[in-house]
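Novice: Take a look at the following structure, please.
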Amino acid sequence: MAFAPRLRKCVLLVVVGCATVAGGCAHRPPIEPWQREQLAKRAMRFDADPVELHFRQHWFGAREGSDLGYGQPGGGCGCN
Amino acid sequence: MRRPLAFLLGATALLAGYRATADDHVTLRMQYYREPSTRVVQPVIEIEKDLPGGFDVNTHVLLDAITSTSAASGPSGDNIFTEVRDEAGIRVGKNWSRARVTLGYNYSAESDYWSHVVAGGAAFRVWGDTGTLSLSGGVGFDDVGKRVLGSAPTPAATGPCVPNGTRHCPLNQQFAGLSYSQVITPTFVVQGGYELALLDGYLASPYRTVPQQQGGEVVPDKRWRNAVAIRGAYYFPSIGTGLQLHYRYYWDQYYQLKWGFVPTSAADPLSTTGANPWHVRSHTVEGRVYKTLGRDVEVRATYRYYSQGSAAFWCDPAGAAAMGTACYPSGTNLYTTDPKLTPVSTQYLEGKIYWDATRWRDTPIAGWFSAGTFELSYGYYWESTTYVGAHVLQAGYTIPY
């Protein structure tokens, strides 16, 4: 019986979420093409150096119990 | 070693003769990692090339020379040995006006570990090219062996497959991810995503010993890894400075595939805790500051903090001793001494400099490198485990062609 209020809450959240997204899409994009200069900077890119990221992922995976969160998990042994 | 080099030469020959664009580049890097028990020297070459028809290809080859005395690396005692890991990968991409699809393959080989990974991805730009929705997924097929050296112990055959001098064991993984990035303002970008990986097979180390047991470690044969991550980047044009902040939360658990996907339960026959035997939880926070210095130089400072709890089946020897009991009494199904499965906290502090070599344009010989960018970084990695800490040095050069 406790399921019904939870379901109502979920439906409400989905409706509000869809309305928010739909409302947002009805507006113009937040920036124009001529405003994109700063976005090309290294500081604004999360994938600016994939080789470095690959190396870091491998060594963090060998020393920490977590993985993922930075793109494709790497292959190879991290057991040394 | 011959196979990656042949692969690289073949890929280079394939790329020759096509029109160069701004994305075409070659990167050479040398990466060095040193902690008291392990030293890694890793040269890498990466090549990217645009192809006709909206295609592009990226390939890399690296060699890992790992010199180690750690128990996890093989022999017990004071033996030191160097092992080489070869890795080669290729990724082909296809671009449309608002979409990109990639397919890649990665191969890694050591004398006792082989890995094949096939991965694909798709990205869609939405809302006036200010948002990007990315999907990724793939499969991995690993083969775990064991080099029997000296007095290295052979684990008891308690699982479906335990590597020994002649037997290899499979480790398969399936992974997928979903992320969305959004430009909020001309100087502010955010990104969020979720990734998962299902690992199935031999997940222990065949070399690691557990003193209380007459053999190696035994860990669950299935692991469902999850991570959610959010990132933000902000740029201050007036002072040429950018900030990035990353946060990741990770959790994992055992799973079963029986009439569908079923998370672990108290009925799990491998469980010694009556629930999820993994239960590793971690938080990662990372901050970066980028600063432009003049026309050619940019510096970056990075700080990363990581904290995790132990796996549920790990036994703390000190805690058990304080209570007058022994770890892993008889009848225990799972046992490990893996430092990664203990409570771990690490910190990483790094400084990096990028230098565009345009000043060399009119200098004889050095002028050949003037179109490229040099980078150099040094970092120190503090570890709360027995690994103590590591010096990390990286140098690289990227040149467009």
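The way I read the labels, and the way they are meant: chains A, B, ... in the order of the structure tokens, residue 1 as the first residue of every chain, and ligand 1 as the first ligand shown, with later ones counted on from there.
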What are the closest atom pairs, with distances in Å to one decimal, for all residues of chain B lying within 6 Å of chain A? Consider only C-alpha atoms, order rows by chain and residue number, and present the result as CSV.

Specialist:
```
residue,atom,partner,partner_atom,distance
B:Ala72,CA,A:Asn80,CA,5.5
B:Ser73,CA,A:Asn80,CA,4.8
B:Ser108,CA,A:Gly76,CA,5.3
B:Ser115,CA,A:Gly76,CA,5.3
B:Trp127,CA,A:Pro29,CA,5.9
B:Gly128,CA,A:Pro29,CA,5.6
B:Pro186,CA,A:Gln35,CA,5.8
B:Ala227,CA,A:Gly69,CA,5.4
B:Ala229,CA,A:Gly69,CA,5.7
B:Ala233,CA,A:Met44,CA,5.4
B:Gly242,CA,A:Ala43,CA,5.2
B:Tyr290,CA,A:Ala43,CA,5.9
B:Lys340,CA,A:Gly65,CA,4.7
B:Leu341,CA,A:Gly65,CA,5.8
```

Novice: Using the selection just defined, write its residues with C-alpha atoms as a PDB file, in the first residue's frame.

Specialist:
```pdb
ATOM      1  CA  ALA B  72      51.628  -8.594  -6.085  1.00  0.00           C
ATOM      2  CA  SER B  73      54.113  -8.607  -8.909  1.00  0.00           C
ATOM      3  CA  SER B 108      47.356  -5.423 -23.972  1.00  0.00           C
ATOM      4  CA  SER B 115      43.467  -8.318 -22.597  1.00  0.00           C
ATOM      5  CA  TRP B 127      20.311  22.505 -28.326  1.00  0.00           C
ATOM      6  CA  GLY B 128      22.314  24.601 -30.752  1.00  0.00           C
ATOM      7  CA  PRO B 186      30.343  31.201 -22.736  1.00  0.00           C
ATOM      8  CA  ALA B 227      30.309   5.372 -10.704  1.00  0.00           C
ATOM      9  CA  ALA B 229      30.673  11.730 -11.803  1.00  0.00           C
ATOM     10  CA  ALA B 233      34.750  24.143 -15.734  1.00  0.00           C
ATOM     11  CA  GLY B 242      40.396  28.499 -15.711  1.00  0.00           C
ATOM     12  CA  TYR B 290      44.852  26.596 -15.461  1.00  0.00           C
ATOM     13  CA  LYS B 340      43.251  -1.914  -2.621  1.00  0.00           C
ATOM     14  CA  LEU B 341      40.490  -3.616  -0.652  1.00  0.00           C
TER      15      LEU B 341
END
```

Novice: What's the 6 Å shell around stretch 366-379 of chain B, counting only C-alpha atoms, without same-chain residues fewer than 6 positions away, as a count of residues only?

Specialist: 19

Novice: Please compute the atom CA of B:Lys291-atom CA of B:Thr363 distance, one decimal, in Å.

Specialist: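 Result for atom CA of B:Lys291 versus atom CA of B:Thr363: 27.2 Å, one decimal.
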
Novice: I need the residues in stretch 198-348 of chain B that are helix (DSSP H, G or I) according to DSSP; give them as a ChimeraX atom specification.

Specialist: /B:237-239,317-322,339-341

Novice: With N, CA and C atoms retained, write the just-selected residues as a PDB file, in the first residue's frame.

Specialist:
```
ATOM      1  N   PRO B 237      38.218  35.111 -18.414  1.00  0.00           N
ATOM      2  CA  PRO B 237      39.014  35.640 -19.540  1.00  0.00           C
ATOM      3  C   PRO B 237      39.901  36.811 -19.141  1.00  0.00           C
ATOM      4  N   SER B 238      39.445  37.635 -18.219  1.00  0.00           N
ATOM      5  CA  SER B 238      40.210  38.851 -17.889  1.00  0.00           C
ATOM      6  C   SER B 238      41.554  38.532 -17.263  1.00  0.00           C
ATOM      7  N   ILE B 239      41.669  37.394 -16.583  1.00  0.00           N
ATOM      8  CA  ILE B 239      42.947  37.047 -15.958  1.00  0.00           C
ATOM      9  C   ILE B 239      43.535  35.770 -16.556  1.00  0.00           C
ATOM     10  N   PRO B 317      43.772  -7.192  10.108  1.00  0.00           N
ATOM     11  CA  PRO B 317      44.589  -8.006  11.022  1.00  0.00           C
ATOM     12  C   PRO B 317      44.808  -7.319  12.367  1.00  0.00           C
ATOM     13  N   ALA B 318      45.042  -6.004  12.340  1.00  0.00           N
ATOM     14  CA  ALA B 318      45.284  -5.286  13.601  1.00  0.00           C
ATOM     15  C   ALA B 318      44.031  -5.300  14.476  1.00  0.00           C
ATOM     16  N   GLY B 319      42.896  -5.071  13.856  1.00  0.00           N
ATOM     17  CA  GLY B 319      41.648  -5.076  14.612  1.00  0.00           C
ATOM     18  C   GLY B 319      41.346  -6.441  15.197  1.00  0.00           C
ATOM     19  N   ALA B 320      41.609  -7.472  14.394  1.00  0.00           N
ATOM     20  CA  ALA B 320      41.356  -8.833  14.882  1.00  0.00           C
ATOM     21  C   ALA B 320      42.296  -9.179  16.028  1.00  0.00           C
ATOM     22  N   ALA B 321      43.566  -8.747  15.909  1.00  0.00           N
ATOM     23  CA  ALA B 321      44.537  -9.039  16.964  1.00  0.00           C
ATOM     24  C   ALA B 321      44.139  -8.349  18.259  1.00  0.00           C
ATOM     25  N   ALA B 322      43.649  -7.116  18.132  1.00  0.00           N
ATOM     26  CA  ALA B 322      43.231  -6.376  19.329  1.00  0.00           C
ATOM     27  C   ALA B 322      42.081  -7.076  20.047  1.00  0.00           C
ATOM     28  N   PRO B 339      45.933  -4.580  -0.740  1.00  0.00           N
ATOM     29  CA  PRO B 339      45.840  -3.227  -0.154  1.00  0.00           C
ATOM     30  C   PRO B 339      44.708  -2.399  -0.744  1.00  0.00           C
ATOM     31  N   LYS B 340      44.327  -2.687  -1.988  1.00  0.00           N
ATOM     32  CA  LYS B 340      43.251  -1.914  -2.621  1.00  0.00           C
ATOM     33  C   LYS B 340      41.891  -2.174  -1.985  1.00  0.00           C
ATOM     34  N   LEU B 341      41.778  -3.273  -1.256  1.00  0.00           N
ATOM     35  CA  LEU B 341      40.490  -3.616  -0.652  1.00  0.00           C
ATOM     36  C   LEU B 341      40.434  -3.248   0.821  1.00  0.00           C
TER      37      LEU B 341
END
```

Novice: Have a look at atom CA of B:Ala390 and atom CA of B:Gln31 and let me know their distance in Å, one decimal.

Specialist: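 Here the two named atoms are 12.8 Å from each other.
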
Novice: Could you state the separation of atom CA of B:Ser384 and atom CA of B:Ser205 in Å, given to one decimal place?

Specialist: 20.7 Å
